[in-house]
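Text of input31.cif (mmCIF, C-alpha atoms) as supplied:
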```
data_run
#
loop_
_atom_site.label_atom_id
_atom_site.label_comp_id
_atom_site.auth_asym_id
_atom_site.auth_seq_id
_atom_site.Cartn_x
_atom_site.Cartn_y
_atom_site.Cartn_z
CA MET D 1 -0.29 70.07 51.25
CA ARG D 2 -3.49 70.71 53.17
CA SER D 3 -5.45 67.66 54.24
CA LEU D 4 -8.70 67.03 52.37
CA LYS D 5 -10.20 65.35 55.44
CA THR D 6 -12.56 68.17 56.41
CA ALA D 7 -13.00 69.75 52.99
CA LEU D 8 -16.46 70.44 51.66
CA VAL D 9 -16.93 69.17 48.14
CA VAL D 10 -19.05 71.38 45.94
CA ILE D 11 -19.88 71.44 42.28
CA LEU D 12 -18.80 74.34 40.11
CA ILE D 13 -20.66 74.69 36.84
CA SER D 14 -19.17 77.13 34.36
CA LEU D 15 -21.50 77.25 31.37
CA GLY D 16 -20.42 80.57 29.89
CA PHE D 17 -18.39 78.70 27.31
CA LEU D 18 -20.38 75.48 27.62
CA VAL D 19 -17.69 73.88 29.73
CA GLY D 20 -19.14 72.06 32.71
CA TYR D 21 -18.95 69.31 35.23
CA PHE D 22 -21.94 67.05 35.15
CA ALA D 23 -21.86 65.24 38.46
CA GLY D 24 -20.19 65.13 41.84
CA TRP D 25 -20.57 64.31 45.50
CA ARG D 26 -20.90 66.37 48.63
CA VAL D 27 -18.83 65.61 51.72
CA ASN D 28 -19.73 66.84 55.20
CA GLY D 29 -20.88 65.68 58.62
CA ASP D 30 -20.89 61.89 58.80
CA ASN D 31 -19.70 61.71 55.20
CA VAL D 32 -16.35 63.37 55.80
CA VAL D 33 -13.48 61.90 53.76
CA ARG D 34 -11.87 59.36 56.08
CA LEU D 35 -8.31 58.23 55.41
CA THR D 36 -6.75 55.07 56.76
CA PRO D 37 -3.74 55.36 59.09
CA ASP D 38 -1.46 54.30 56.21
CA GLU D 39 -2.98 56.93 53.92
CA LEU D 40 -2.60 59.63 56.57
CA SER D 41 1.01 58.61 57.15
CA ALA D 42 1.84 58.69 53.44
CA ALA D 43 0.26 62.15 53.08
CA ALA D 44 2.22 63.42 56.10
CA ARG D 45 5.52 62.11 54.69
CA ALA D 46 4.82 63.81 51.38
CA GLY D 47 4.12 67.10 53.14
CA GLN D 48 7.27 66.80 55.24
CA LEU D 49 9.36 66.12 52.16
CA GLN D 50 8.01 69.17 50.37
CA GLN D 51 8.57 71.32 53.46
CA ARG D 52 12.18 70.10 53.81
CA ILE D 53 12.94 70.87 50.15
CA ILE D 54 11.51 74.39 50.40
CA GLU D 55 13.44 75.02 53.62
CA GLU D 56 16.70 73.90 51.99
CA LEU D 57 16.06 76.14 48.99
CA GLN D 58 15.30 79.08 51.25
CA GLY D 59 18.48 78.51 53.25
CA ARG D 60 20.94 77.42 50.55
CA TYR D 61 19.76 78.42 47.05
CA TYR D 62 21.92 81.10 45.40
CA ASN D 63 18.91 83.29 44.55
CA GLU D 64 15.91 84.38 46.56
CA VAL D 65 12.96 81.98 46.33
CA ASP D 66 9.23 82.47 46.93
CA PRO D 67 7.95 79.61 49.13
CA GLU D 68 4.34 80.20 48.01
CA THR D 69 5.31 79.80 44.34
CA LEU D 70 7.36 76.71 45.13
CA SER D 71 4.47 75.21 47.04
CA GLU D 72 2.00 75.82 44.19
CA LYS D 73 4.41 74.46 41.59
CA GLY D 74 4.92 71.39 43.75
CA VAL D 75 1.17 70.82 43.82
CA ASP D 76 0.99 71.28 40.05
CA GLY D 77 3.70 68.67 39.59
CA THR D 78 1.91 66.26 41.90
CA LEU D 79 -1.33 66.57 39.97
CA LYS D 80 0.36 66.30 36.56
CA SER D 81 1.78 62.95 37.65
CA LEU D 82 -1.81 61.64 37.65
CA ASP D 83 -1.96 62.12 33.86
CA ASP D 84 -5.51 63.45 34.27
CA SER D 85 -6.18 66.69 32.40
CA TYR D 86 -9.38 67.27 34.40
CA THR D 87 -7.67 67.34 37.81
CA ALA D 88 -6.03 70.69 38.58
CA TYR D 89 -5.10 73.11 41.35
CA LEU D 90 -6.87 76.46 41.18
CA SER D 91 -4.96 79.23 42.89
CA PRO D 92 -6.92 81.69 45.07
CA THR D 93 -6.86 84.18 42.19
CA GLU D 94 -8.07 81.61 39.65
CA ALA D 95 -10.74 80.23 41.97
CA LYS D 96 -12.06 83.74 42.73
CA LEU D 97 -12.08 84.67 39.04
CA ILE D 98 -13.97 81.51 38.11
CA GLU D 99 -16.53 82.10 40.86
CA GLU D 100 -17.06 85.72 39.84
CA GLN D 101 -17.31 84.96 36.13
CA SER D 102 -19.74 82.07 36.65
CA LYS D 103 -22.32 84.45 38.13
CA GLY D 104 -24.70 86.63 36.21
CA GLU D 105 -25.06 87.10 32.49
CA TYR D 106 -22.44 85.63 30.20
CA SER D 107 -20.27 88.10 28.35
CA GLY D 108 -17.36 86.96 26.23
CA ILE D 109 -16.45 86.05 22.67
CA GLY D 110 -19.28 83.62 21.87
CA ALA D 111 -17.35 80.39 21.45
CA GLY D 112 -17.48 76.90 22.95
CA LEU D 113 -14.15 75.62 24.29
CA GLN D 114 -12.61 72.28 25.24
CA LYS D 115 -9.15 71.10 26.22
CA GLN D 116 -7.83 68.62 23.65
CA ASP D 117 -4.35 67.13 23.98
CA GLY D 118 -3.44 70.00 26.30
CA ALA D 119 -4.62 72.73 23.91
CA LEU D 120 -7.62 75.02 24.44
CA VAL D 121 -9.63 74.38 21.27
CA ILE D 122 -12.68 76.19 19.93
CA THR D 123 -15.53 73.71 19.39
CA ALA D 124 -18.30 76.04 18.24
CA VAL D 125 -18.81 79.69 17.31
CA PHE D 126 -22.18 81.40 17.67
CA GLU D 127 -23.81 83.70 15.14
CA GLY D 128 -23.42 87.40 15.86
CA SER D 129 -20.49 86.80 18.20
CA PRO D 130 -17.08 88.55 18.32
CA ALA D 131 -15.43 85.19 17.58
CA LYS D 132 -17.53 84.78 14.43
CA ALA D 133 -16.74 88.31 13.27
CA ALA D 134 -13.02 87.65 13.77
CA GLY D 135 -13.14 84.56 11.55
CA LEU D 136 -12.51 82.06 14.35
CA GLY D 137 -13.95 78.58 13.95
CA PRO D 138 -14.03 75.01 15.30
CA GLY D 139 -10.58 73.47 15.55
CA ASP D 140 -8.75 76.77 16.13
CA ALA D 141 -6.57 76.72 19.26
CA ILE D 142 -6.26 79.57 21.76
CA VAL D 143 -2.60 79.54 22.80
CA ALA D 144 -2.64 82.55 25.13
CA VAL D 145 -5.06 85.06 26.68
CA ASP D 146 -3.74 88.62 27.07
CA GLY D 147 -0.23 87.27 26.69
CA LYS D 148 -0.55 84.56 29.34
CA THR D 149 -0.29 80.99 28.02
CA THR D 150 -3.18 78.58 28.36
CA LYS D 151 -0.82 75.60 28.34
CA GLY D 152 -0.90 73.75 31.63
CA GLU D 153 -3.67 76.01 32.96
CA ALA D 154 -7.01 74.67 34.13
CA THR D 155 -9.65 75.07 31.43
CA ASP D 156 -11.89 76.92 33.87
CA ALA D 157 -9.18 79.49 34.59
CA SER D 158 -8.55 80.13 30.88
CA VAL D 159 -12.28 80.45 30.24
CA ALA D 160 -12.68 82.88 33.14
CA ARG D 161 -9.90 85.08 31.75
CA ILE D 162 -11.56 85.16 28.32
CA LYS D 163 -14.90 86.15 29.83
CA GLY D 164 -15.39 89.66 31.16
CA GLU D 165 -17.51 92.78 31.12
CA THR D 166 -19.31 93.72 27.93
CA GLY D 167 -17.35 96.30 25.93
CA THR D 168 -13.93 95.37 27.32
CA GLU D 169 -11.16 93.95 25.14
CA VAL D 170 -9.37 90.62 25.28
CA THR D 171 -6.40 89.65 23.10
CA LEU D 172 -6.17 86.00 22.08
CA THR D 173 -3.13 84.35 20.56
CA VAL D 174 -4.64 81.92 18.08
CA ARG D 175 -3.32 79.01 16.02
CA LYS D 176 -5.71 78.33 13.17
CA LYS D 177 -6.75 74.75 12.48
CA GLY D 178 -4.24 72.98 10.25
CA GLU D 179 -1.64 75.76 10.59
CA THR D 180 1.54 76.07 12.68
CA GLY D 181 1.83 79.85 12.90
CA GLU D 182 0.20 81.97 15.59
CA ARG D 183 -1.42 85.40 15.46
CA ASP D 184 -2.95 87.81 17.94
CA VAL D 185 -6.63 88.69 17.65
CA THR D 186 -8.16 91.43 19.80
CA LEU D 187 -11.89 91.06 20.42
CA VAL D 188 -14.43 93.24 22.22
CA ARG D 189 -16.45 91.18 24.66
CA LYS D 190 -20.17 91.07 24.10
CA THR D 191 -23.20 89.65 25.88
CA ILE D 192 -24.11 86.57 23.89
CA PRO D 193 -27.67 85.20 23.89
CA ILE D 194 -27.02 81.48 23.50
CA PRO D 195 -30.13 79.56 22.41
CA MET D 196 -30.72 76.25 24.17
CA THR D 197 -32.48 74.64 21.20
CA GLU D 198 -33.43 75.25 17.60
CA SER D 199 -35.76 73.16 15.46
CA ARG D 200 -37.18 72.89 11.95
CA MET D 201 -38.92 70.47 9.62
CA LEU D 202 -36.99 68.63 6.90
CA LYS D 203 -37.86 66.15 4.16
CA ALA D 204 -36.32 62.71 3.62
CA GLY D 205 -37.94 60.99 0.65
CA GLY D 206 -41.61 60.77 1.58
CA ASP D 207 -41.00 61.29 5.30
CA ASP D 208 -41.30 64.48 7.32
CA VAL D 209 -38.36 64.82 9.69
CA GLY D 210 -38.36 66.89 12.86
CA TYR D 211 -34.86 68.26 13.51
CA VAL D 212 -33.83 69.50 16.98
CA GLN D 213 -30.40 70.91 17.82
CA LEU D 214 -29.49 71.09 21.51
CA TYR D 215 -26.68 73.55 22.17
CA VAL D 216 -26.17 73.18 25.92
CA PHE D 217 -27.21 70.93 28.80
CA ASP D 218 -28.11 73.85 31.03
CA GLY D 219 -31.01 73.77 33.47
CA GLY D 220 -34.21 72.79 31.68
CA ALA D 221 -32.69 71.09 28.63
CA GLY D 222 -35.06 68.14 28.88
CA ASP D 223 -38.12 70.39 28.91
CA ALA D 224 -36.73 72.47 26.04
CA VAL D 225 -36.22 69.39 23.84
CA ARG D 226 -39.66 68.07 24.82
CA ARG D 227 -41.30 71.34 23.71
CA GLU D 228 -39.52 71.19 20.36
CA ILE D 229 -40.57 67.56 19.85
CA ASP D 230 -44.19 68.42 20.66
CA LYS D 231 -44.18 71.22 18.07
CA LEU D 232 -42.58 68.98 15.43
CA GLU D 233 -45.03 66.14 16.04
CA LYS D 234 -47.94 68.56 15.64
CA LYS D 235 -46.47 69.51 12.28
CA GLY D 236 -46.56 65.86 11.25
CA ALA D 237 -43.03 64.62 11.89
CA ASP D 238 -42.42 60.94 11.11
CA TRP D 239 -38.86 60.92 12.54
CA ILE D 240 -36.92 62.95 15.13
CA VAL D 241 -33.27 63.93 14.61
CA LEU D 242 -31.49 65.14 17.78
CA ASP D 243 -28.31 67.04 16.91
CA LEU D 244 -25.67 66.97 19.69
CA ARG D 245 -22.73 68.03 17.55
CA TYR D 246 -20.45 70.66 19.15
CA ASN D 247 -22.26 70.17 22.46
CA PRO D 248 -19.66 69.56 25.20
CA GLY D 249 -22.18 68.81 27.94
CA GLY D 250 -23.37 70.21 31.26
CA PHE D 251 -25.59 68.92 34.07
CA ILE D 252 -26.11 65.19 34.49
CA SER D 253 -29.73 65.84 35.51
CA ASP D 254 -30.35 67.46 32.14
CA ALA D 255 -28.74 64.51 30.35
CA VAL D 256 -31.14 62.17 32.17
CA ASP D 257 -34.10 64.37 31.25
CA VAL D 258 -33.13 64.59 27.57
CA ALA D 259 -32.64 60.83 27.34
CA GLY D 260 -36.00 60.47 29.10
CA ASP D 261 -37.66 62.41 26.28
CA PHE D 262 -37.07 59.28 24.20
CA GLN D 263 -36.88 56.31 26.58
CA ARG D 264 -37.66 55.23 30.14
CA GLY D 265 -35.10 53.35 32.20
CA GLU D 266 -31.42 53.56 33.13
CA VAL D 267 -29.51 56.40 31.53
CA VAL D 268 -26.09 56.35 33.21
CA SER D 269 -24.31 55.17 36.35
CA THR D 270 -21.29 56.60 38.17
CA LYS D 271 -18.73 54.89 40.39
CA GLY D 272 -15.27 55.63 41.75
CA LEU D 273 -12.88 54.25 44.33
CA HIS D 274 -14.34 56.55 46.99
CA SER D 275 -17.71 57.16 45.32
CA PRO D 276 -20.35 54.44 45.66
CA LEU D 277 -22.30 53.24 42.64
CA GLU D 278 -25.11 55.61 41.74
CA VAL D 279 -27.60 54.77 39.00
CA TYR D 280 -29.53 57.53 37.23
CA GLN D 281 -32.84 56.58 35.64
CA SER D 282 -35.61 58.35 33.81
CA ASN D 283 -39.10 57.46 34.97
CA ALA D 284 -40.90 60.15 33.00
CA THR D 285 -43.27 59.40 30.15
CA PRO D 286 -41.24 59.84 26.93
CA ALA D 287 -42.08 62.82 24.74
CA THR D 288 -42.15 60.68 21.61
CA ASP D 289 -42.12 57.13 20.33
CA LEU D 290 -41.12 58.16 16.81
CA PRO D 291 -37.95 56.58 15.38
CA ALA D 292 -34.94 58.71 16.26
CA ILE D 293 -31.44 59.58 15.08
CA VAL D 294 -28.70 61.24 17.16
CA LEU D 295 -26.02 63.27 15.36
CA VAL D 296 -22.59 63.54 17.02
CA ASN D 297 -19.05 64.61 16.22
CA ARG D 298 -15.65 64.77 17.89
CA TYR D 299 -16.79 67.70 20.03
CA SER D 300 -19.82 65.93 21.53
CA ALA D 301 -18.77 65.29 25.13
CA SER D 302 -19.85 64.36 28.67
CA ALA D 303 -23.64 64.92 28.92
CA SER D 304 -23.92 64.59 25.12
CA GLU D 305 -22.22 61.22 25.42
CA ILE D 306 -24.48 60.19 28.29
CA VAL D 307 -27.55 60.73 26.12
CA THR D 308 -25.95 59.17 23.05
CA GLY D 309 -24.71 56.13 24.97
CA ALA D 310 -28.06 55.55 26.62
CA LEU D 311 -30.13 55.78 23.44
CA LYS D 312 -27.60 53.64 21.56
CA ASP D 313 -27.41 50.92 24.23
CA LEU D 314 -31.19 50.78 24.55
CA ASP D 315 -31.60 50.53 20.75
CA ARG D 316 -33.74 53.65 20.88
CA ALA D 317 -31.82 55.70 18.31
CA THR D 318 -29.37 55.32 15.45
CA VAL D 319 -26.17 57.31 16.00
CA ILE D 320 -24.72 59.02 12.93
CA GLY D 321 -21.58 61.15 12.59
CA GLU D 322 -18.09 60.88 14.08
CA LYS D 323 -16.67 59.21 17.18
CA THR D 324 -17.44 61.39 20.20
CA PHE D 325 -14.94 63.19 22.41
CA GLY D 326 -14.59 60.55 25.14
CA LYS D 327 -15.18 62.30 28.47
CA GLY D 328 -16.50 59.63 30.79
CA VAL D 329 -15.44 60.98 34.17
CA VAL D 330 -16.99 63.07 36.93
CA GLN D 331 -15.36 66.17 38.44
CA SER D 332 -15.89 67.93 41.75
CA ILE D 333 -14.42 71.07 43.32
CA VAL D 334 -12.85 70.97 46.79
CA PRO D 335 -12.24 74.34 48.55
CA LEU D 336 -8.87 74.17 50.32
CA GLY D 337 -9.56 76.78 52.99
CA ASN D 338 -7.04 79.39 51.75
CA GLY D 339 -9.09 80.67 48.82
CA ALA D 340 -7.68 78.02 46.50
CA SER D 341 -9.54 74.97 45.25
CA LEU D 342 -8.76 71.50 44.01
CA LYS D 343 -10.68 70.30 40.97
CA LEU D 344 -10.47 66.53 40.89
CA THR D 345 -11.94 63.55 39.12
CA THR D 346 -14.03 61.48 41.53
CA ALA D 347 -15.71 58.79 39.42
CA ASN D 348 -16.23 57.19 36.03
CA TYR D 349 -19.60 57.10 34.38
CA TYR D 350 -20.97 54.08 32.56
CA THR D 351 -23.55 53.67 29.82
CA PRO D 352 -26.48 51.28 30.49
CA ASP D 353 -24.55 48.27 29.15
CA GLY D 354 -21.66 49.03 31.53
CA THR D 355 -19.30 50.71 29.07
CA ASN D 356 -16.94 53.46 30.26
CA ILE D 357 -16.21 55.54 27.18
CA ASP D 358 -13.58 57.80 28.79
CA LYS D 359 -10.79 58.52 26.28
CA LYS D 360 -12.50 56.10 23.88
CA GLY D 361 -15.63 57.93 22.81
CA ILE D 362 -18.76 56.44 21.28
CA ARG D 363 -18.51 55.08 17.77
CA PRO D 364 -21.50 55.95 15.58
CA ASP D 365 -23.65 53.29 13.95
CA VAL D 366 -23.17 55.15 10.67
CA VAL D 367 -19.87 57.00 10.13
CA ALA D 368 -20.56 60.30 8.37
CA PRO D 369 -18.12 63.12 9.13
CA ASP D 370 -18.95 66.64 8.01
CA ASP D 371 -16.51 68.42 5.68
CA SER D 372 -15.94 71.89 7.15
CA LYS D 373 -14.60 73.10 3.80
CA THR D 374 -18.01 72.75 2.14
CA LYS D 375 -21.31 74.54 2.79
CA LYS D 376 -23.15 71.22 2.70
CA ASP D 377 -23.85 69.45 5.99
CA GLU D 378 -22.71 65.96 5.01
CA THR D 379 -23.64 64.41 8.36
CA LEU D 380 -27.23 65.67 8.26
CA ALA D 381 -27.49 64.71 4.59
CA ARG D 382 -26.40 61.16 5.45
CA ALA D 383 -29.04 61.02 8.20
CA LEU D 384 -31.77 62.08 5.77
CA ALA D 385 -30.57 59.52 3.24
CA PHE D 386 -30.68 56.87 5.98
CA ILE D 387 -34.30 57.80 6.73
CA ALA D 388 -35.30 57.87 3.07
CA ALA D 389 -33.94 54.32 2.63
CA ARG D 390 -36.05 52.86 5.46
#
```
Structure translated into structure tokens:
Amino acid sequence: MRSLKTALVVILISLGFLVGYFAGWRVNGDNVVRLTPDELSAAARAGQLQQRIIEELQGRYYNEVDPETLSEKGVDGTLKSLDDSYTAYLSPTEAKLIEEQSKGEYSGIGAGLQKQDGALVITAVFEGSPAKAAGLGPGDAIVAVDGKTTKGEATDASVARIKGETGTEVTLTVRKKGETGERDVTLVRKTIPIPMTESRMLKAGGDDVGYVQLYVFDGGAGDAVRREIDKLEKKGADWIVLDLRYNPGGFISDAVDVAGDFQRGEVVSTKGLHSPLEVYQSNATPATDLPAIVLVNRYSASASEIVTGALKDLDRATVIGEKTFGKGVVQSIVPLGNGASLKLTTANYYTPDGTNIDKKGIRPDVVAPDDSKTKKDETLARALAFIAAR
């Protein structure tokens, strides 16, 4: 396996399907990854062992073998032993596809995606999208893309294969939520205008409630939420409800800015074995001092959890909904020099009170799951009832 000693660590953000990495570190010059003699020796022995096995297979196996395939499969096995679904090897083809598809305007099926228990699951479907027209919805699993399984594949690679030029077709093998059978659905890709925010005024007893939904932590999310809050306050809002349901995250800088719309101070910190402690704070003047509620569900992840955890720990907002997804780790992308890349977890993140919510999620102050089988939004209704009772 190639040494990571001189690799340049870069961040790859793929927001076409709202799947992103929210933090990372850069390694170059004096900050090159430096391994101890024991670490270098262990890595060398591992490489020698893999080389010896491939040589024996080439010289003795009863069928012809492809050393490149064996090498990649060996890397996959090594990474799977970490039991970390966010760490994966991206082949040169996958890495190139991800890079190409992350540029320019997003065209695809109009759905948010997350890996859950190894499955590629739809978390949200946008109005006017091919996914919506095909009857796909949150909780449905995409088992294969154009006949190639998504199992064991990096989320980014699956997403890149679903994305493509407007007007082209993609065939998804889908397992509907709550069902065991699978069916193929062919969709025509479309350019999807994904709104960053939406807002409206609601009533809760005698109070006027300003409601803001944030769909993605893309560049400028903090400013977008601030503008919505300003409009709602001018309309006489007494409360602000920030809806982060179905929002799987994005940039850590945007998470800090959104939290800063409500509260000054520490928002999140990150730390790993090879990544020093870094504390992220908001020093901006908050957009509002109105009482606030944050709505979350099982698909609220990473940057959504950063904001939720910060406002909860600082007693700035009441959290209502379901336990969040539980993604409390930082990923980075390391080019390997042969066109391939290594996506790896480099650090944990911690809420202001020092809690790492990875694989645990954030428990709401008020549990109020939404029933997808009804037209009523039970979570939002519970939030309005909570306000009316104050």
My list of candidates is D:Val330, D:Ala95, D:Val279, D:Ala259. Which is closest to Arg316 (chain D) when distances are computed with only C-alpha atoms?
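Closest to Arg316 (chain D) of all the choices is D:Ala259.
Distances from D:Ala46, D:Leu344, D:Val174, D:Ala303 to Ser85 (chain D) were compared using all atoms listed in the file, and the smallest one belongs to D:Leu344.
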From the set D:Gly167, D:Gly147, D:Gly272, D:Pro37, which residue has the shortest atom-to-atom contact distance to Ile109 (chain D), counting only C-alpha atoms?
D:Gly167
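Nearest to Ala144 (chain D) of all the residues D:Lys235, D:Pro352, D:Glu72, D:Thr171 is D:Thr171, based on all atoms listed in the file.
Proximity to Gln114 (chain D) was assessed for D:Lys231, D:Lys96, D:Arg298, D:Arg45 counting all atoms listed in the file; the smallest distance is recorded for D:Arg298.
On the file presented, the PyMOL selection byres ((chain D and resi 351) around 6) picks out Val268, Gly309, Ala310, Tyr350, Pro352, Asp353, Gly354 and Thr355 of chain D.
Using the PyMOL selection byres ((chain D and resi 86) around 8) on the file at hand returns these residues: Asp84, Ser85, Thr87, Ala88, Ala154, Gln331, Lys343, Leu344 and Thr345 of chain D.
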Shortest interatomic distance to Gly339 (chain D) - which of D:Leu49, D:Leu90, D:Ala42, D:Val256, counting all atoms listed in the file:
D:Leu90
Go ahead and compute the interatomic distance for CA of Lys375 (chain D) and CA of Gly108 (chain D), in Å to one decimal.
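Computing the Euclidean distance for CA of Lys375 (chain D) and CA of Gly108 (chain D) yields 26.8 Å.
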Distance of CA of Leu290 (chain D) from CA of Met201 (chain D), expressed in Å to one decimal place:
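Straight-line distance from CA of Met201 (chain D) to CA of Leu290 (chain D) works out to 14.4 Å.
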Contacts of Gly210 (chain D) at 10 Å (only C-alpha atoms; same-chain gap of 2+ positions) as a ChimeraX atom specification:
/D:199-203,207-208,212,228-233,235-242,290,292
CA of Gly152 (chain D) to CA of Val296 (chain D), straight-line distance in Å:
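Separation of CA of Val296 (chain D) and CA of Gly152 (chain D): 28.1 Å.
Taking only C-alpha atoms, the non-local environment of Ala131 (chain D) within 7 Å (same-chain residues fewer than 3 positions away omitted) comprises Ile109, Gly110, Ala111, Val125, Ala134, Gly135 and Leu136 of chain D.
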What would the selection look like, as a compact mmCIF listing (two decimals) with C-alpha atoms, keeping the file's coordinate frame, if the PyMOL selection byres ((chain D and resi 318) around 8) were run on the coordinates I just shared?
```txt
# COMPACT_ATOMS: atom_id res chain seq x y z
CA ALA D 292 -34.94 58.71 16.26
CA ILE D 293 -31.44 59.58 15.08
CA VAL D 294 -28.70 61.24 17.16
CA LYS D 312 -27.60 53.64 21.56
CA ASP D 315 -31.60 50.53 20.75
CA ARG D 316 -33.74 53.65 20.88
CA ALA D 317 -31.82 55.70 18.31
CA VAL D 319 -26.17 57.31 16.00
CA ILE D 320 -24.72 59.02 12.93
CA PRO D 364 -21.50 55.95 15.58
CA ASP D 365 -23.65 53.29 13.95
CA VAL D 366 -23.17 55.15 10.67
```
